[in-house]
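Heads up, the thing below is written out as structure tokens.
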Amino acid sequence: MKEYYRKKWLKTKNYKFYNEFSRLRSLTKTLISDSYRSYIVNMETNIKSNPAEIWKSLNNRRGHSRIPNTLHDEKFEYSEPYSIVNAFADFFSSSFSLNDPILITDSVNSTVPFGFPLICEDDLTSVMERFSNKCTSGDDLIPSFLIRDCRLVFAKPLSILFNLAIKTCTFPSLWKRARISPVFKNGDKSCIPNYRPVCILSNFGKVFEKVLYQVIYNKVKSYISPYQHGFVSGRSTDTNLSIIAQYLAEEVDNRGRVDVIYTDLSKAFDKIQHNILIQKLNNFGLNTDALALIESYLSSRVCYVYYNGFTSREFIATSGVPQGSHLGPLLFVLFINDLLLSLSCPVLAYADDIKLYVSINFYNEVLLLQSNLNVLTQWCMTHKLILNKQKCFFVTFTITHSPLLTQYMIDGYRLDKKDCMKDLGVVFDSTLTFVKHLNCVCSSVSKSLGFVMRTCRNFSDLNLMKQLFYSYVLSKIEYGILVWSPIYASHALMLDKIYRRFLKYLSYRIDGAYPERGTSSVIYDDLFV
């Protein structure tokens, strides 16, 4: 109507039309302003309960997608939605392998067979109570928050279904259907091989998985290698990094030298052969019925890629464990457990990220590290896993000039030597100064702080701003801080500038003016209370 009267005014120059156009223009601006204020209030409310909602809100506002509209692989370029999801399906399905009849002669870890006991309603209630307050749902479209809120209703029928599955050694096929979401890893975002498949599974199936997980983990946790820090209770990336950092610091401080070989298993979760995994689970003590249920869980898993409302063709996962499940990570840890126990040099693992290291004083230590690398290589060949030689390398940590030149090989391929590397999110340099990591952290958190300040400029709740600062800025600073904590005042000042910048912004939002240059941050400490 505003546009209609504007055209009438321009055509006739009649002020009656102009007055109506002016009134409608003012009304339109008021409606837009009210709508924007309502949008900001709703955005604040959603972010308070879940800070991750900020990304969803911003992407919707910008019209951005986490996957580009045009992608490519080694041969073709794809721009149509159906061709994109089918290209993802072709790539993900190519990662699977067929199961070869192989006999693995691992040492027996457990001599007491165990199976899955029948499940009571109280056990299911406690499991469902820990489900998240999200709308995430699998192929059956049952969201996780509904499972949690209606746990008392679901407990009895689910206990009947789960006990029937245990008795018949059959995992329900509808709960094995996996909707795959492509998740970007690194590199070129428009390149399909730079994505990994994450399975969105039925939440009822996840409840069953959690129950089975608890039984298996409680029985086998004492047999899991102490060198494995991934998906193990009480261990994490922090414990992994702390151990290697302590070892390196002691040797480097004593003017010693440590060689660390970093390995890379290509698509390790997808390449696990089911028959080998079942043999290993048998060595851990699972009885015949329990093995049959796990085999049913792994076999005939129907997958399809879904993105932005489009669905790809279906394909069968002939190998591997589902990424995004509860049982998958535990099964992978048990699969490679004997490898870690068979090595005779220090080793650390976080799931499939494995590093071998040893203090080098004489050439015998070099031969020891090479022999253990050969053991790892042979194990991968026997277990049908692919060791990506191009992504394997080694780093020599020392502060002295060492005349002993070393070289490590994988099947005749000479590994590259690097001066620094990013290990589980922390950049280690060969002299163990962590200056490069500090620079990376400062650059990253400075961008994150700018993002928070731009996003919050229309917010009225300062507590929400602090919450976003803790979530997107402080979390990056504090990650691995026990390992790389700056010891020099000049380095600590680089991080202090981040805090002062945010404190000045909070002061501006409260007082309407920035504090004078040189004002002590102690004055504004109460802003964080």
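Residues in the structure tokens are numbered from 1 in each chain, the chains being A, B, ... in the order shown, and ligands are numbered from 1 in the order shown.
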
Identify, on the basis of only C-alpha atoms, every residue whose closest approach to Phe393 in chain A does not exceed 6 Å; exclude the query and any residue fewer than 2 positions from it along the same chain; express the result as a PyMOL selection string.
chain A and resi 261-262+415-417

Could I get the residues of range 407-456 of chain A with an atom no further than 9 Å from an atom of range 373-392 of chain A, each paired with its nearest atom pair and that distance in Å to one decimal, using only C-alpha atoms, sorted by chain and residue number, as CSV?
```
residue,atom,partner,partner_atom,distance
A:Tyr408,CA,A:Leu373,CA,8.3
A:Met409,CA,A:Leu373,CA,8.1
A:Ile410,CA,A:Lys389,CA,6.8
A:Asp411,CA,A:Thr377,CA,8.0
A:Tyr413,CA,A:Lys389,CA,7.2
A:Arg414,CA,A:Lys389,CA,8.7
A:Leu415,CA,A:Cys392,CA,6.4
A:Asp416,CA,A:Cys392,CA,7.5
```

Residues near range 322-334 of chain A, cut-off 6 Å, only C-alpha atoms, skip fewer than 4 positions along chain, as a PyMOL selection string
chain A and resi 198-199+209+213

Can you check which residues of range 99-247 of chain A DSSP gives as strand (DSSP E or B) on the backbone and send them as a list in words?
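Here is the list: Phe114, Ala178, Arg179, Ile180, Ser181, Pro182, Val183, Phe184, Cys191, Tyr195, Arg196, Pro197, Val198, Cys199, Ile200 and Gln228 of chain A.
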
Between CA of Thr168 in chain A and CA of Leu141 in chain A, measure the distance and give it in Å to one decimal.
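Here the two named atoms are 26.1 Å from each other.
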
Can you list, as a PyMOL selection string, every protein, DNA or RNA residue that comes within 7 Å of range 360-362 of chain A when you count only C-alpha atoms, leaving out same-chain residues fewer than 5 positions away?
chain A and resi 257-259

Mind giving me the straight-line distance from CA of Gln279 in chain A to CA of Ser236 in chain A in Å, one decimal?
27.5 Å

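From CA of Ile272 in chain A back to CA of Glu295 in chain A, the distance works out to 12.9 Å.
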
Where in range 374-465 of chain A does DSSP assign helix (DSSP H, G or I), given as number ranges by chain?
A: 374-382, 389-391, 435-455, 462-465

Got a sec: who's within 10 Å of range 11-24 of chain A, counting only C-alpha atoms, leaving out chain neighbours fewer than 6 positions off, as an MDAnalysis selection string?
chainID A and resid 1:5 30

With N, CA, C and O atoms kept, could you save the residues just selected as an mmCIF file, in the first residue's frame?
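What ended up in again-v8.cif:
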```cif
data_model
loop_
_atom_site.group_PDB
_atom_site.id
_atom_site.type_symbol
_atom_site.label_atom_id
_atom_site.label_comp_id
_atom_site.auth_asym_id
_atom_site.auth_seq_id
_atom_site.Cartn_x
_atom_site.Cartn_y
_atom_site.Cartn_z
ATOM 1 N N MET A 1 0.825 -1.199 0.000
ATOM 2 C CA MET A 1 0.000 0.000 0.000
ATOM 3 C C MET A 1 0.865 1.258 0.000
ATOM 4 O O MET A 1 0.549 2.248 -0.670
ATOM 5 N N LYS A 2 1.972 1.216 0.733
ATOM 6 C CA LYS A 2 2.884 2.356 0.749
ATOM 7 C C LYS A 2 3.400 2.655 -0.661
ATOM 8 O O LYS A 2 3.436 3.808 -1.101
ATOM 9 N N GLU A 3 3.796 1.590 -1.354
ATOM 10 C CA GLU A 3 4.317 1.759 -2.703
ATOM 11 C C GLU A 3 3.225 2.261 -3.656
ATOM 12 O O GLU A 3 3.486 3.069 -4.559
ATOM 13 N N TYR A 4 2.009 1.799 -3.423
ATOM 14 C CA TYR A 4 0.879 2.223 -4.270
ATOM 15 C C TYR A 4 0.669 3.735 -4.161
ATOM 16 O O TYR A 4 0.564 4.438 -5.167
ATOM 17 N N TYR A 5 0.628 4.239 -2.903
ATOM 18 C CA TYR A 5 0.396 5.675 -2.724
ATOM 19 C C TYR A 5 1.609 6.502 -3.134
ATOM 20 O O TYR A 5 1.488 7.676 -3.489
ATOM 21 N N THR A 30 7.943 1.616 11.818
ATOM 22 C CA THR A 30 7.640 1.198 13.185
ATOM 23 C C THR A 30 7.487 -0.318 13.277
ATOM 24 O O THR A 30 8.007 -0.960 14.201
#
```

Pick out the residues sitting within 10 Å of Met494 in chain A, and hand them over as an NGL selection string; count only C-alpha atoms, and ignore anything fewer than 3 positions along from it in its own chain.
:A and (438-439 or 441-442 or 486 or 489-491 or 497-499)

Those same residues, written as a short mmCIF file (atom, residue, chain, number, x, y, z; two decimals), in the first residue's frame with all heavy atoms?
```cif
data_model
loop_
_atom_site.label_atom_id
_atom_site.label_comp_id
_atom_site.auth_asym_id
_atom_site.auth_seq_id
_atom_site.Cartn_x
_atom_site.Cartn_y
_atom_site.Cartn_z
N LEU A 438 50.75 -20.04 20.99
CA LEU A 438 50.26 -18.81 21.59
C LEU A 438 49.80 -17.83 20.52
O LEU A 438 48.74 -17.20 20.66
CB LEU A 438 51.35 -18.19 22.46
CG LEU A 438 50.99 -16.87 23.15
CD1 LEU A 438 49.88 -17.08 24.17
CD2 LEU A 438 52.22 -16.27 23.83
N ASN A 439 50.57 -17.69 19.45
CA ASN A 439 50.18 -16.80 18.36
C ASN A 439 48.89 -17.26 17.71
O ASN A 439 48.02 -16.44 17.38
CB ASN A 439 51.31 -16.71 17.33
CG ASN A 439 52.54 -16.01 17.86
OD1 ASN A 439 52.45 -15.17 18.75
ND2 ASN A 439 53.71 -16.36 17.34
N VAL A 441 46.51 -19.06 19.12
CA VAL A 441 45.42 -18.85 20.07
C VAL A 441 45.00 -17.38 20.09
O VAL A 441 43.81 -17.06 20.02
CB VAL A 441 45.83 -19.31 21.49
CG1 VAL A 441 44.80 -18.84 22.53
CG2 VAL A 441 45.96 -20.82 21.54
N CYS A 442 45.97 -16.48 20.16
CA CYS A 442 45.66 -15.05 20.21
C CYS A 442 44.93 -14.60 18.94
O CYS A 442 43.99 -13.80 19.00
CB CYS A 442 46.93 -14.24 20.41
SG CYS A 442 47.64 -14.41 22.06
N PRO A 486 51.78 -19.78 29.20
CA PRO A 486 52.94 -18.88 28.96
C PRO A 486 53.69 -18.59 30.24
O PRO A 486 53.09 -18.33 31.29
CB PRO A 486 52.29 -17.61 28.39
CG PRO A 486 50.87 -17.66 28.86
CD PRO A 486 50.50 -19.10 28.93
N ALA A 489 56.38 -12.81 30.72
CA ALA A 489 55.41 -11.73 30.91
C ALA A 489 54.92 -11.18 29.57
O ALA A 489 53.75 -10.83 29.42
CB ALA A 489 56.05 -10.61 31.73
N SER A 490 55.81 -11.13 28.57
CA SER A 490 55.41 -10.61 27.26
C SER A 490 54.36 -11.50 26.61
O SER A 490 53.47 -11.01 25.91
CB SER A 490 56.64 -10.49 26.35
OG SER A 490 57.27 -11.76 26.19
N HIS A 491 54.47 -12.81 26.83
CA HIS A 491 53.47 -13.73 26.27
C HIS A 491 52.16 -13.65 27.03
O HIS A 491 51.07 -13.69 26.43
CB HIS A 491 54.02 -15.16 26.31
CG HIS A 491 55.20 -15.36 25.42
ND1 HIS A 491 56.06 -16.43 25.54
CD2 HIS A 491 55.68 -14.61 24.40
CE1 HIS A 491 57.01 -16.33 24.63
NE2 HIS A 491 56.80 -15.25 23.91
N LYS A 497 45.61 -8.77 26.91
CA LYS A 497 44.98 -7.78 26.03
C LYS A 497 43.59 -8.22 25.60
O LYS A 497 42.70 -7.38 25.40
CB LYS A 497 45.86 -7.54 24.80
CG LYS A 497 47.14 -6.77 25.09
CD LYS A 497 47.94 -6.55 23.81
CE LYS A 497 49.21 -5.76 24.10
NZ LYS A 497 50.02 -5.58 22.86
N ILE A 498 43.39 -9.52 25.45
CA ILE A 498 42.07 -10.03 25.08
C ILE A 498 41.06 -9.74 26.19
O ILE A 498 39.95 -9.25 25.94
CB ILE A 498 42.13 -11.54 24.80
CG1 ILE A 498 43.18 -11.85 23.71
CG2 ILE A 498 40.76 -12.07 24.40
CD1 ILE A 498 42.85 -11.27 22.37
N TYR A 499 41.46 -10.03 27.43
CA TYR A 499 40.56 -9.77 28.56
C TYR A 499 40.27 -8.27 28.68
O TYR A 499 39.12 -7.87 28.89
CB TYR A 499 41.20 -10.28 29.86
CG TYR A 499 41.34 -11.77 29.95
CD1 TYR A 499 42.56 -12.38 29.70
CD2 TYR A 499 40.27 -12.57 30.32
CE1 TYR A 499 42.71 -13.75 29.79
CE2 TYR A 499 40.40 -13.94 30.42
CZ TYR A 499 41.63 -14.53 30.15
OH TYR A 499 41.76 -15.88 30.24
#
```

Find the residues near Val41 in chain A: any atom within 12 Å, counting only C-alpha atoms, skip ones fewer than 2 places away on the same chain, and give them as a VMD selection string.
chain A and resid 34 to 39 43 to 48 456 458 to 461 464

Output file for the selection above: C-alpha atoms, as a CSV table (one decimal), in the first residue's frame:
```csv
chain,number,residue,atom,x,y,z
A,34,ASP,CA,9.2,-3.7,16.5
A,35,SER,CA,9.8,-6.9,14.5
A,36,TYR,CA,13.6,-6.5,14.8
A,37,ARG,CA,13.4,-5.8,18.6
A,38,SER,CA,11.2,-8.9,18.9
A,39,TYR,CA,13.8,-10.9,16.9
A,43,MET,CA,17.5,-14.6,19.9
A,44,GLU,CA,18.7,-13.6,23.4
A,45,THR,CA,16.2,-16.1,25.0
A,46,ASN,CA,17.3,-19.0,22.8
A,47,ILE,CA,21.0,-18.3,23.3
A,48,LYS,CA,20.6,-18.2,27.1
A,456,CYS,CA,26.0,-8.5,21.1
A,458,ASN,CA,22.0,-4.9,20.2
A,459,PHE,CA,21.7,-7.2,23.2
A,460,SER,CA,20.5,-5.7,26.5
A,461,ASP,CA,21.5,-8.6,28.8
A,464,LEU,CA,24.4,-13.1,28.0
```

Nearest to Asp264 in chain A, chosen from A:Phe394, A:Tyr78, A:Phe469, A:Tyr307, with only C-alpha atoms counted in the distances
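Looking only at the distances to Asp264 in chain A, the closest residue turns out to be A:Phe394.
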